[in-house]
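Structure record follows, encoded as structure tokens.
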Amino acid sequence: MTTMLSVSHLSKIYEGGFTALKDINLDIRRGEIFALLGPNGAGKTTLISIICGLVNASAGKVTVGGHDIVDDYRAARSLIGLVPQELTTDAFETVFSAVSFSRGLFGKAPDPAYIEKVLRSLSLWDKRNNKIMTLSGGMKRRLLIAKALSHEPRMLFLDEPTAGVDVELRRDMWNLVRGLREDGVTILLTTHYIEEAEEMADRIGVIRKGEIILVENKATLMHQLGKKQLTVHLQTPLDAVPESLAAYALERGEDGHALTYTYDTEREHPGITDLLADLNAAGIGFKDVNTTQSSLEDIFVSLVKK
Amino acid sequence: MNLYAIKAIYRFEMARAWRTLTQSIISPVLSTSLYFVVFGAAIGSRIPEVDGVSYGSFIVPGLIMLSLLTQSISNASFGIYFPRFTGTIYEVLSAPVSYLEIVIAYVGAAASKSLILGVIILATAGLFVDIRIEHPFWMVLFFVLTAITFSLLGFIIGIWADGFEKLQLVPMLIVTPLTFLGGSFYSINMLPPFWQTVTLFNPVVYLVSGFRWSFYGIADVSPALSLGMTVFFLLACIGLVAWIFKTGYRLKP
């Protein structure tokens with residue numbers, strides 16, 4: 001798979017000396033959905049802003065579709081669509097004219113049929129003649145996406161796209177993003193919602209204090225860093241874990257009503273059958289068992305806490 | 001050149017003027033008409049001719065210049081400041097648009113609006129006083145150059161300002177006093193010698209003088225000097241705008 005976005009040794013030090021990005025290196029593959037996770041102030045928006053031309057880099061090089069964002073900014077930017085985090089819109093414009101304005105800004109000839117298609121896909125067609133100030137927050141968010149898509153970009157940056165939108169709209173947006181990916185659009189999204197990254201991303205990057213601390217395929221990440229646990233709910237509570245079960249490193253929970261076993265799914269024999277047999281042998285009866293797997297959120301929290 | 005982008009920004013800015021017709025056109029035309037009524041018809045009839053031109057006619061170029069300067073600055077500064085204020089500037093800065101194209105679009109729209117306004121005021125003046133234009137070519141040249149120059153100045157102010165108060169600061173505290181003291185309502189030859197010399201440090205004197213010369217053939221300073229100073233202001237503003245975009249001042253951190 002070819003590279004759509006290449007970030008090389010990128011740094012940003014703001015006036016006043018605050019270092020927002022430290023030697024960032026990142027490649028995004030053509031056609032993938034890449035989720036960039038990080039706590040507030042980690043540098044996500046600064047990174048996107050530099051790539052899109054809103055902030056000057058202090059050092060380093062960025063190319064989009066092989067075009068340098070400084071030396072060949074026209075070609076690079078014409079490939080990019082940006083959905084900013086803030087709901088920044090011209091209140092007095094109509095929906096249709098605002099989206100048409102965006103298309104013109106990116107050097108594309110007017111194409112009312114395409115604008116109609118974009119507005120319909122975002123359920124905004126009925127609102128095309130409405131002034132933006134009359135739209136709800138969710139509609140304004142969709143409008144920003146429509147503006148970003150108005151010039152048919154090949155790479156879309158979504159900075160916290162579903163912040164403050166309801167569950168239904170969030171699902172709609174996820175479907176839209178998947179549809180764009182199917183059309184070959186490369187997507188980089190930043191999000192606070194781990195569920196969003198877990199649901200959509202092909203690869204995940206974690207940024208902390210201006211440094212990329214991890215880039216991994218989502219499945220690999222969850223496989224490598226995720227834990228699986230078996231919880232056995234006991235018929236009668238235990239005051240302590242018997243010595244005969246010490247090898248399993250069981251954790252006693254629920255005031256002795258449950259025992260939790262953490263195991264590695266990679267092992268040929270995770271030890272579940274043995275554990276259940278040993279519980280029987282020790283005379284410990286149980287009424288239920290269940291397994292849980294750590295979520296991306298657990299992994300993320302453990303990474304950024306380090 | 002990204003002509004679609006220039007067209008998009010230009011049309012957007014012009015549409016804003018039509019949306020705010022009262023503020024953009026009607027209000028300045030009304031206030032200038034009041035000047036004509038008060039200074040031209042009421043008081044002007046009691047003031048003797050200046051260099052063979054009736055006082056009412058004499059103040060026409062100065063009043064047009066007053067509107068041209070203030071409106072060019074106001075239109076251009078608001079045009080670029082408002083998207084900075086609302087945050088929508090992100091779209092322009094992230095688009096494949098060169099700085100030159102951004103300036104052409106914003107300054108072009110601001111200058112167009114003030115030129116339209118100037119023509120309306122000139123036509124309105126014609127209803128109150130007799131007007132003649134002896135040098136139409138030079139009149140148009142001064143008219144257009146001044147509109148572009150002060151739209152560039154407005155653009156600079158719109159980028160420099162970090163609040164609505166600053167946006168009004170330069171037009172109200174500097175440009176309007178300079179215009180009033182720049183010979184809009186009088187010939188600087190009417191002043192005592194000392195104040196005549198002081199007045200020559202006021203750049204608006206050269207604009208008003210050159211513009212009035214194109215109407216009636218009378219001037220406080222030579223037309224060539226007026227044109228030279230106008231071009232000098234234009235180049236100074238272009239230089240400042242180029243520096244702003246080169247450094248990203250107040251636009252790109």
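Residue numbering restarts at 1 in every chain; chains get A, B, ... in the order shown in the structure tokens, and ligands count up from 1 in that same order.
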
Taking 4 positions as the minimum chain separation for residues in the same chain, which residues sit within 12 Å of Asp130 of chain B when counting only C-alpha atoms? Answer as a list of chain:residue names.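 Residues meeting the cut-off are B:Phe36, B:Gly40, B:Ala41, B:Val53, B:Ser54, B:Tyr55, B:Gly56, B:Ser57, B:Phe58, B:Ile59, B:Val60, B:Leu122, B:Ala123, B:Thr124, B:Ala125, B:Gly126, B:Phe215, B:Tyr216.
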
Residue selection dump (all heavy atoms) as a CSV table (one decimal), in the first residue's frame:
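As a result, selection_12.csv now contains:
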```csv
chain,number,residue,atom,x,y,z
B,36,PHE,N,-23.2,67.8,2.5
B,36,PHE,CA,-23.5,68.7,1.3
B,36,PHE,C,-24.6,69.7,1.7
B,36,PHE,O,-24.6,70.9,1.4
B,36,PHE,CB,-24.0,67.9,0.1
B,36,PHE,CG,-22.9,67.2,-0.6
B,36,PHE,CD1,-22.9,65.8,-0.8
B,36,PHE,CD2,-21.8,67.9,-1.0
B,36,PHE,CE1,-21.8,65.2,-1.4
B,36,PHE,CE2,-20.7,67.3,-1.7
B,36,PHE,CZ,-20.7,65.9,-1.8
B,40,GLY,N,-22.5,72.6,2.1
B,40,GLY,CA,-22.7,73.0,0.7
B,40,GLY,C,-23.8,74.1,0.5
B,40,GLY,O,-23.5,75.2,0.2
B,41,ALA,N,-25.0,73.7,0.9
B,41,ALA,CA,-26.1,74.6,0.7
B,41,ALA,C,-26.3,75.6,1.8
B,41,ALA,O,-26.4,76.8,1.5
B,41,ALA,CB,-27.4,73.7,0.5
B,53,VAL,N,-13.9,78.5,-7.4
B,53,VAL,CA,-14.9,77.4,-7.3
B,53,VAL,C,-15.8,77.7,-6.1
B,53,VAL,O,-15.3,78.0,-5.1
B,53,VAL,CB,-14.2,76.0,-7.2
B,53,VAL,CG1,-15.2,74.9,-7.1
B,53,VAL,CG2,-13.2,75.8,-8.3
B,54,SER,N,-17.1,77.5,-6.4
B,54,SER,CA,-18.0,77.7,-5.2
B,54,SER,C,-17.7,76.7,-4.1
B,54,SER,O,-17.2,75.6,-4.4
B,54,SER,CB,-19.5,77.5,-5.7
B,54,SER,OG,-19.7,76.2,-5.9
B,55,TYR,N,-17.9,77.2,-2.9
B,55,TYR,CA,-17.5,76.3,-1.7
B,55,TYR,C,-18.2,74.9,-1.8
B,55,TYR,O,-17.6,73.9,-1.5
B,55,TYR,CB,-17.8,77.0,-0.4
B,55,TYR,CG,-17.3,76.3,0.8
B,55,TYR,CD1,-15.9,76.2,1.0
B,55,TYR,CD2,-18.1,75.6,1.6
B,55,TYR,CE1,-15.4,75.4,2.0
B,55,TYR,CE2,-17.6,74.8,2.7
B,55,TYR,CZ,-16.3,74.8,2.9
B,55,TYR,OH,-15.8,74.1,3.9
B,56,GLY,N,-19.5,74.9,-2.1
B,56,GLY,CA,-20.2,73.7,-2.2
B,56,GLY,C,-19.5,72.7,-3.2
B,56,GLY,O,-19.4,71.5,-2.9
B,57,SER,N,-19.1,73.2,-4.3
B,57,SER,CA,-18.4,72.3,-5.3
B,57,SER,C,-17.0,72.0,-4.8
B,57,SER,O,-16.5,70.9,-5.1
B,57,SER,CB,-18.3,73.0,-6.7
B,57,SER,OG,-19.6,73.4,-7.1
B,58,PHE,N,-16.4,73.0,-4.2
B,58,PHE,CA,-15.0,72.8,-3.7
B,58,PHE,C,-14.9,71.6,-2.8
B,58,PHE,O,-13.9,70.8,-2.9
B,58,PHE,CB,-14.6,74.1,-3.0
B,58,PHE,CG,-13.2,74.0,-2.5
B,58,PHE,CD1,-12.0,74.2,-3.3
B,58,PHE,CD2,-12.9,73.7,-1.1
B,58,PHE,CE1,-10.8,74.1,-2.7
B,58,PHE,CE2,-11.7,73.6,-0.6
B,58,PHE,CZ,-10.6,73.8,-1.4
B,59,ILE,N,-15.8,71.4,-1.9
B,59,ILE,CA,-15.7,70.3,-0.9
B,59,ILE,C,-16.1,68.9,-1.5
B,59,ILE,O,-15.8,67.9,-0.8
B,59,ILE,CB,-16.5,70.6,0.3
B,59,ILE,CG1,-18.0,70.6,0.0
B,59,ILE,CG2,-16.1,71.8,1.0
B,59,ILE,CD1,-18.9,70.6,1.3
B,60,VAL,N,-16.6,68.9,-2.7
B,60,VAL,CA,-17.0,67.5,-3.2
B,60,VAL,C,-15.9,66.5,-3.3
B,60,VAL,O,-16.0,65.4,-2.8
B,60,VAL,CB,-17.7,67.7,-4.6
B,60,VAL,CG1,-17.9,66.3,-5.3
B,60,VAL,CG2,-19.0,68.4,-4.5
B,122,LEU,N,-20.7,60.8,-5.6
B,122,LEU,CA,-20.5,61.8,-6.7
B,122,LEU,C,-21.8,62.1,-7.3
B,122,LEU,O,-22.1,63.3,-7.5
B,122,LEU,CB,-19.5,61.2,-7.7
B,122,LEU,CG,-19.1,62.1,-8.8
B,122,LEU,CD1,-18.4,63.4,-8.3
B,122,LEU,CD2,-18.2,61.4,-9.8
B,123,ALA,N,-22.6,61.1,-7.6
B,123,ALA,CA,-23.9,61.3,-8.3
B,123,ALA,C,-24.8,62.1,-7.3
B,123,ALA,O,-25.6,63.0,-7.7
B,123,ALA,CB,-24.6,60.0,-8.6
B,124,THR,N,-24.8,61.7,-6.0
B,124,THR,CA,-25.6,62.5,-5.0
B,124,THR,C,-25.2,63.9,-4.9
B,124,THR,O,-26.0,64.8,-4.9
B,124,THR,CB,-25.4,61.8,-3.6
B,124,THR,OG1,-25.7,60.4,-3.8
B,124,THR,CG2,-26.4,62.4,-2.6
B,125,ALA,N,-23.9,64.2,-5.0
B,125,ALA,CA,-23.4,65.5,-4.9
B,125,ALA,C,-23.9,66.4,-6.1
B,125,ALA,O,-24.2,67.6,-5.9
B,125,ALA,CB,-21.8,65.5,-4.9
B,126,GLY,N,-24.0,65.7,-7.2
B,126,GLY,CA,-24.5,66.4,-8.4
B,126,GLY,C,-25.9,66.9,-8.2
B,126,GLY,O,-26.3,67.8,-9.0
B,215,PHE,N,-10.6,67.4,-10.6
B,215,PHE,CA,-12.0,68.0,-10.8
B,215,PHE,C,-11.9,69.4,-11.4
B,215,PHE,O,-12.5,69.7,-12.4
B,215,PHE,CB,-12.7,68.0,-9.5
B,215,PHE,CG,-13.4,66.7,-9.1
B,215,PHE,CD1,-12.7,65.6,-8.7
B,215,PHE,CD2,-14.8,66.6,-9.2
B,215,PHE,CE1,-13.3,64.4,-8.4
B,215,PHE,CE2,-15.4,65.4,-8.9
B,215,PHE,CZ,-14.7,64.3,-8.5
B,216,TYR,N,-11.2,70.3,-10.7
B,216,TYR,CA,-11.3,71.7,-11.0
B,216,TYR,C,-10.0,72.3,-11.5
B,216,TYR,O,-9.9,73.5,-11.8
B,216,TYR,CB,-11.7,72.5,-9.7
B,216,TYR,CG,-13.0,71.9,-9.1
B,216,TYR,CD1,-13.0,71.4,-7.8
B,216,TYR,CD2,-14.2,71.8,-9.9
B,216,TYR,CE1,-14.2,70.9,-7.3
B,216,TYR,CE2,-15.3,71.3,-9.4
B,216,TYR,CZ,-15.3,70.8,-8.1
B,216,TYR,OH,-16.5,70.3,-7.5
```

I need the alpha helix (DSSP H) residues of segment 26-218 of chain B per DSSP on the backbone, written as a PyMOL selection string. chain B and resi 27-35+55-86+89-94+99-128+136-160+164-170+176-180+193-199+203-216

With C-alpha atoms kept, could you save the residues just selected as a compact mmCIF listing (two decimals), in the first residue's frame?
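Ended up saving to again-v1.txt:
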```
# COMPACT_ATOMS: atom_id res chain seq x y z
CA SER B 27 -25.51 55.03 5.80
CA PRO B 28 -22.38 56.60 4.22
CA VAL B 29 -24.43 58.12 1.38
CA LEU B 30 -26.82 59.65 3.91
CA SER B 31 -24.05 61.10 6.08
CA THR B 32 -22.24 62.56 3.04
CA SER B 33 -25.50 64.06 1.79
CA LEU B 34 -25.86 65.77 5.17
CA TYR B 35 -22.41 67.29 4.70
CA TYR B 55 -17.54 76.32 -1.73
CA GLY B 56 -20.20 73.66 -2.21
CA SER B 57 -18.44 72.33 -5.30
CA PHE B 58 -15.01 72.79 -3.72
CA ILE B 59 -15.70 70.28 -0.93
CA VAL B 60 -17.03 67.54 -3.24
CA PRO B 61 -13.64 65.86 -3.96
CA GLY B 62 -12.69 66.06 -0.28
CA LEU B 63 -15.97 64.52 0.83
CA ILE B 64 -15.68 61.71 -1.71
CA MET B 65 -12.11 61.14 -0.53
CA LEU B 66 -13.30 61.09 3.11
CA SER B 67 -15.82 58.37 2.28
CA LEU B 68 -13.37 56.51 0.08
CA LEU B 69 -10.72 56.36 2.80
CA THR B 70 -12.98 55.42 5.68
CA GLN B 71 -15.06 52.94 3.72
CA SER B 72 -12.05 51.25 2.10
CA ILE B 73 -10.47 50.76 5.50
CA SER B 74 -13.71 49.71 7.13
CA ASN B 75 -14.68 47.21 4.38
CA ALA B 76 -11.28 45.58 4.12
CA SER B 77 -10.54 45.45 7.84
CA PHE B 78 -13.91 43.92 8.64
CA GLY B 79 -13.66 41.52 5.69
CA ILE B 80 -10.51 39.85 7.00
CA TYR B 81 -11.05 40.41 10.72
CA PHE B 82 -14.49 38.76 10.88
CA PRO B 83 -13.33 35.33 9.64
CA ARG B 84 -10.42 35.59 12.05
CA PHE B 85 -12.86 36.37 14.84
CA THR B 86 -15.28 33.55 14.00
CA ILE B 89 -10.34 31.84 8.31
CA TYR B 90 -9.11 28.24 8.67
CA GLU B 91 -10.77 27.44 5.38
CA VAL B 92 -8.96 30.15 3.42
CA LEU B 93 -5.61 29.36 5.01
CA SER B 94 -5.93 25.63 4.34
CA TYR B 99 -1.25 35.05 -0.48
CA LEU B 100 -1.46 37.20 -3.57
CA GLU B 101 -4.80 35.62 -4.47
CA ILE B 102 -6.12 36.19 -0.95
CA VAL B 103 -5.13 39.86 -1.12
CA ILE B 104 -6.57 40.32 -4.62
CA ALA B 105 -9.88 38.83 -3.52
CA TYR B 106 -10.33 40.61 -0.18
CA VAL B 107 -8.80 43.95 -1.18
CA GLY B 108 -10.46 43.82 -4.59
CA ALA B 109 -13.86 43.37 -2.99
CA ALA B 110 -13.27 46.11 -0.43
CA ALA B 111 -12.01 48.51 -3.10
CA SER B 112 -14.95 47.66 -5.38
CA LYS B 113 -17.42 48.44 -2.61
CA SER B 114 -15.85 51.79 -1.80
CA LEU B 115 -15.60 52.69 -5.51
CA ILE B 116 -19.29 51.94 -5.97
CA LEU B 117 -19.98 54.07 -2.93
CA GLY B 118 -17.78 56.89 -4.28
CA VAL B 119 -19.70 56.91 -7.56
CA ILE B 120 -23.00 57.03 -5.70
CA ILE B 121 -21.75 59.92 -3.56
CA LEU B 122 -20.51 61.76 -6.65
CA ALA B 123 -23.93 61.31 -8.25
CA THR B 124 -25.60 62.46 -5.03
CA ALA B 125 -23.35 65.53 -4.90
CA GLY B 126 -24.45 66.38 -8.41
CA LEU B 127 -27.98 66.82 -7.04
CA PHE B 128 -26.82 69.56 -4.67
CA PRO B 136 -11.33 62.45 -16.04
CA PHE B 137 -8.45 60.01 -16.59
CA TRP B 138 -6.51 61.34 -13.59
CA MET B 139 -9.68 61.49 -11.55
CA VAL B 140 -10.31 57.78 -12.16
CA LEU B 141 -6.65 56.97 -11.49
CA PHE B 142 -6.61 58.82 -8.14
CA PHE B 143 -9.98 57.29 -7.32
CA VAL B 144 -8.89 53.70 -8.00
CA LEU B 145 -5.38 54.01 -6.52
CA THR B 146 -6.72 55.53 -3.31
CA ALA B 147 -9.41 52.85 -2.97
CA ILE B 148 -6.85 50.06 -3.44
CA THR B 149 -4.26 51.66 -1.14
CA PHE B 150 -6.65 52.23 1.73
CA SER B 151 -8.26 48.84 1.26
CA LEU B 152 -4.77 47.40 1.69
CA LEU B 153 -4.37 49.51 4.82
CA GLY B 154 -7.72 48.20 6.05
CA PHE B 155 -6.58 44.64 5.34
CA ILE B 156 -3.47 45.28 7.45
CA ILE B 157 -5.58 46.72 10.27
CA GLY B 158 -7.94 43.73 10.09
CA ILE B 159 -5.00 41.38 10.58
CA TRP B 160 -3.38 43.51 13.29
CA PHE B 164 -13.44 45.12 17.57
CA GLU B 165 -12.18 48.16 19.46
CA LYS B 166 -8.84 48.12 17.65
CA LEU B 167 -10.69 47.66 14.39
CA GLN B 168 -12.29 51.08 14.91
CA LEU B 169 -9.23 52.68 16.48
CA VAL B 170 -7.24 53.61 13.38
CA THR B 176 -10.89 60.69 10.06
CA PRO B 177 -8.93 63.50 11.83
CA LEU B 178 -6.25 63.40 9.13
CA THR B 179 -8.92 63.65 6.44
CA PHE B 180 -10.67 66.58 8.14
CA PRO B 193 2.37 79.67 6.96
CA PHE B 194 3.40 77.59 9.99
CA TRP B 195 0.31 75.36 9.79
CA GLN B 196 0.72 75.07 6.05
CA THR B 197 4.12 73.46 6.67
CA VAL B 198 2.72 71.20 9.39
CA THR B 199 -0.13 70.13 7.13
CA PRO B 203 -0.49 62.27 3.81
CA VAL B 204 -4.17 62.88 3.13
CA VAL B 205 -3.35 66.39 1.88
CA TYR B 206 -1.72 64.88 -1.21
CA LEU B 207 -4.66 62.58 -1.90
CA VAL B 208 -7.28 65.31 -1.57
CA SER B 209 -5.20 67.84 -3.47
CA GLY B 210 -4.57 65.51 -6.41
CA PHE B 211 -8.18 64.42 -6.52
CA ARG B 212 -9.46 68.01 -6.39
CA TRP B 213 -7.04 69.00 -9.16
CA SER B 214 -8.56 66.28 -11.38
CA PHE B 215 -11.96 67.96 -10.83
CA TYR B 216 -11.26 71.71 -10.98
```

Tell me, in Å to one decimal, how far atom CA of Arg11 of chain B is from atom CA of Leu149 of chain A.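 Taking atom CA of Arg11 of chain B as the start and atom CA of Leu149 of chain A as the end point, the length is 20.9 Å.
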
Return the neighbours of chain A among the residues of chain B, cut-off 7 Å, counting only C-alpha atoms, as a list in words.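 Here is what falls inside 7 Å: Asn2, Tyr4, Ala5, Ala8, Thr86, Gly87, Thr88, Tyr90, Leu93, Ser94, Ala95, Pro96, Val97, Lys252 and Pro253 of chain B.
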
Please produce a file of the residues just selected, as a short mmCIF file (atom, residue, chain, number, x, y, z; two decimals), in the first residue's frame, where the atoms kept are all heavy atoms.
```cif
data_model
loop_
_atom_site.label_atom_id
_atom_site.label_comp_id
_atom_site.auth_asym_id
_atom_site.auth_seq_id
_atom_site.Cartn_x
_atom_site.Cartn_y
_atom_site.Cartn_z
N ASN B 2 -5.36 30.63 -8.90
CA ASN B 2 -6.61 29.98 -8.52
C ASN B 2 -7.76 30.99 -8.67
O ASN B 2 -8.19 31.63 -7.70
CB ASN B 2 -6.50 29.48 -7.07
CG ASN B 2 -7.69 28.64 -6.65
OD1 ASN B 2 -8.72 28.62 -7.33
ND2 ASN B 2 -7.55 27.94 -5.55
N TYR B 4 -10.89 30.50 -9.39
CA TYR B 4 -12.14 30.11 -8.73
C TYR B 4 -12.15 30.59 -7.28
O TYR B 4 -13.18 31.02 -6.75
CB TYR B 4 -12.33 28.60 -8.78
CG TYR B 4 -12.72 28.09 -10.14
CD1 TYR B 4 -11.90 27.22 -10.84
CD2 TYR B 4 -13.93 28.48 -10.73
CE1 TYR B 4 -12.26 26.75 -12.10
CE2 TYR B 4 -14.29 28.02 -11.98
CZ TYR B 4 -13.46 27.16 -12.67
OH TYR B 4 -13.81 26.70 -13.91
N ALA B 5 -10.97 30.51 -6.64
CA ALA B 5 -10.88 30.94 -5.24
C ALA B 5 -11.06 32.45 -5.13
O ALA B 5 -11.78 32.93 -4.26
CB ALA B 5 -9.54 30.52 -4.65
N ALA B 8 -14.61 33.17 -5.60
CA ALA B 8 -15.42 32.74 -4.45
C ALA B 8 -15.34 33.75 -3.32
O ALA B 8 -16.37 34.16 -2.76
CB ALA B 8 -14.96 31.36 -3.97
N THR B 86 -14.39 34.72 13.91
CA THR B 86 -15.28 33.55 14.00
C THR B 86 -14.51 32.24 13.84
O THR B 86 -15.02 31.18 14.17
CB THR B 86 -16.37 33.60 12.90
OG1 THR B 86 -15.71 33.66 11.62
CG2 THR B 86 -17.27 34.80 13.06
N GLY B 87 -13.30 32.31 13.31
CA GLY B 87 -12.52 31.08 13.12
C GLY B 87 -12.64 30.51 11.72
O GLY B 87 -11.94 29.55 11.38
N THR B 88 -13.51 31.08 10.88
CA THR B 88 -13.70 30.52 9.54
C THR B 88 -12.50 30.79 8.62
O THR B 88 -12.44 30.25 7.52
CB THR B 88 -14.97 31.08 8.86
OG1 THR B 88 -14.90 32.50 8.91
CG2 THR B 88 -16.22 30.62 9.56
N TYR B 90 -9.83 29.51 8.86
CA TYR B 90 -9.11 28.24 8.67
C TYR B 90 -9.28 27.73 7.24
O TYR B 90 -8.36 27.13 6.66
CB TYR B 90 -9.60 27.18 9.68
CG TYR B 90 -10.83 26.43 9.23
CD1 TYR B 90 -10.73 25.27 8.45
CD2 TYR B 90 -12.11 26.87 9.55
CE1 TYR B 90 -11.86 24.58 8.02
CE2 TYR B 90 -13.24 26.20 9.14
CZ TYR B 90 -13.11 25.06 8.37
OH TYR B 90 -14.22 24.40 7.92
N LEU B 93 -7.03 29.65 4.80
CA LEU B 93 -5.61 29.36 5.01
C LEU B 93 -5.25 27.92 4.63
O LEU B 93 -4.10 27.63 4.33
CB LEU B 93 -5.24 29.61 6.48
CG LEU B 93 -5.32 31.07 6.94
CD1 LEU B 93 -5.00 31.19 8.42
CD2 LEU B 93 -4.37 31.94 6.14
N SER B 94 -6.24 27.02 4.68
CA SER B 94 -5.93 25.63 4.34
C SER B 94 -6.22 25.31 2.87
O SER B 94 -6.00 24.19 2.42
CB SER B 94 -6.73 24.67 5.24
OG SER B 94 -8.12 24.80 4.99
N ALA B 95 -6.72 26.30 2.14
CA ALA B 95 -7.04 26.08 0.72
C ALA B 95 -5.81 26.31 -0.16
O ALA B 95 -4.87 27.00 0.26
CB ALA B 95 -8.17 27.04 0.31
N PRO B 96 -5.81 25.75 -1.35
CA PRO B 96 -4.67 25.97 -2.26
C PRO B 96 -4.72 27.37 -2.88
O PRO B 96 -4.92 27.53 -4.09
CB PRO B 96 -4.84 24.87 -3.31
CG PRO B 96 -6.29 24.54 -3.29
CD PRO B 96 -6.80 24.81 -1.91
N VAL B 97 -4.60 28.35 -2.04
CA VAL B 97 -4.71 29.75 -2.45
C VAL B 97 -3.43 30.46 -2.04
O VAL B 97 -2.98 30.32 -0.91
CB VAL B 97 -5.90 30.45 -1.75
CG1 VAL B 97 -6.12 31.83 -2.33
CG2 VAL B 97 -7.15 29.61 -1.86
N LYS B 252 -0.75 32.82 11.10
CA LYS B 252 -0.25 31.46 11.30
C LYS B 252 0.73 31.45 12.47
O LYS B 252 1.80 32.05 12.36
CB LYS B 252 0.50 30.98 10.06
CG LYS B 252 -0.38 30.53 8.94
CD LYS B 252 0.49 29.86 7.91
CE LYS B 252 -0.31 29.45 6.70
NZ LYS B 252 0.49 28.67 5.77
N PRO B 253 0.38 30.81 13.57
CA PRO B 253 1.33 30.76 14.68
C PRO B 253 2.55 29.91 14.33
O PRO B 253 2.49 29.07 13.44
CB PRO B 253 0.53 30.12 15.81
CG PRO B 253 -0.61 29.43 15.16
CD PRO B 253 -0.88 30.14 13.88
#
```

Can you measure atom CA of Leu5 of chain A to atom CA of Glu182 of chain A for me? One decimal in Å is fine.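 Atom-to-atom, atom CA of Leu5 of chain A and atom CA of Glu182 of chain A are spaced 18.1 Å apart.
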
All residues 10 Å or closer to Leu21 of chain A, only C-alpha atoms, same chain fewer than 3 positions away omitted, as a PDB file with C-alpha atoms, in the first residue's frame:
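Produced file around.pdb, reproduced below:
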```
ATOM      1  CA  HIS A   9      11.067  14.740  11.950  1.00  0.00           C
ATOM      2  CA  LEU A  10       8.321  17.286  12.501  1.00  0.00           C
ATOM      3  CA  SER A  11       8.658  19.627  15.459  1.00  0.00           C
ATOM      4  CA  LYS A  12       6.755  22.653  16.622  1.00  0.00           C
ATOM      5  CA  ILE A  13       7.848  25.117  19.255  1.00  0.00           C
ATOM      6  CA  TYR A  14       5.420  27.983  19.767  1.00  0.00           C
ATOM      7  CA  PHE A  18       6.111  25.680  24.456  1.00  0.00           C
ATOM      8  CA  ILE A  24       7.176  13.339  14.867  1.00  0.00           C
ATOM      9  CA  ALA A  42      -1.018  16.147  23.470  1.00  0.00           C
ATOM     10  CA  GLY A  43      -0.454  17.842  20.085  1.00  0.00           C
ATOM     11  CA  LYS A  44      -3.154  16.245  17.902  1.00  0.00           C
ATOM     12  CA  THR A  46      -1.212  21.087  16.156  1.00  0.00           C
ATOM     13  CA  LEU A  47      -0.150  18.148  14.010  1.00  0.00           C
ATOM     14  CA  ALA A  57       6.282  23.937  11.484  1.00  0.00           C
ATOM     15  CA  SER A  58       9.484  24.687  13.387  1.00  0.00           C
ATOM     16  CA  ALA A  59      11.333  21.797  11.751  1.00  0.00           C
ATOM     17  CA  ILE A 207       0.400  10.835  20.941  1.00  0.00           C
ATOM     18  CA  ARG A 208       1.478  12.024  24.362  1.00  0.00           C
ATOM     19  CA  LYS A 209       3.188  15.318  25.248  1.00  0.00           C
ATOM     20  CA  GLY A 210       4.010  15.982  21.589  1.00  0.00           C
ATOM     21  CA  GLU A 211       5.526  12.580  20.896  1.00  0.00           C
ATOM     22  CA  ILE A 212       4.097   9.642  19.010  1.00  0.00           C
TER      23      ILE A 212
END
```

Between atom CA of Val64 of chain A and atom CA of Gly17 of chain A, what is the distance, to one decimal in Å? 27.9 Å

Using DSSP on the backbone coordinates, identify the residues of segment 71-291 of chain A assigned to strand (DSSP E); present them as a PyMOL selection string. chain A and resi 80-83+155-159+186-191+203-208+211-217+228-234+251-253+258-263+286-291
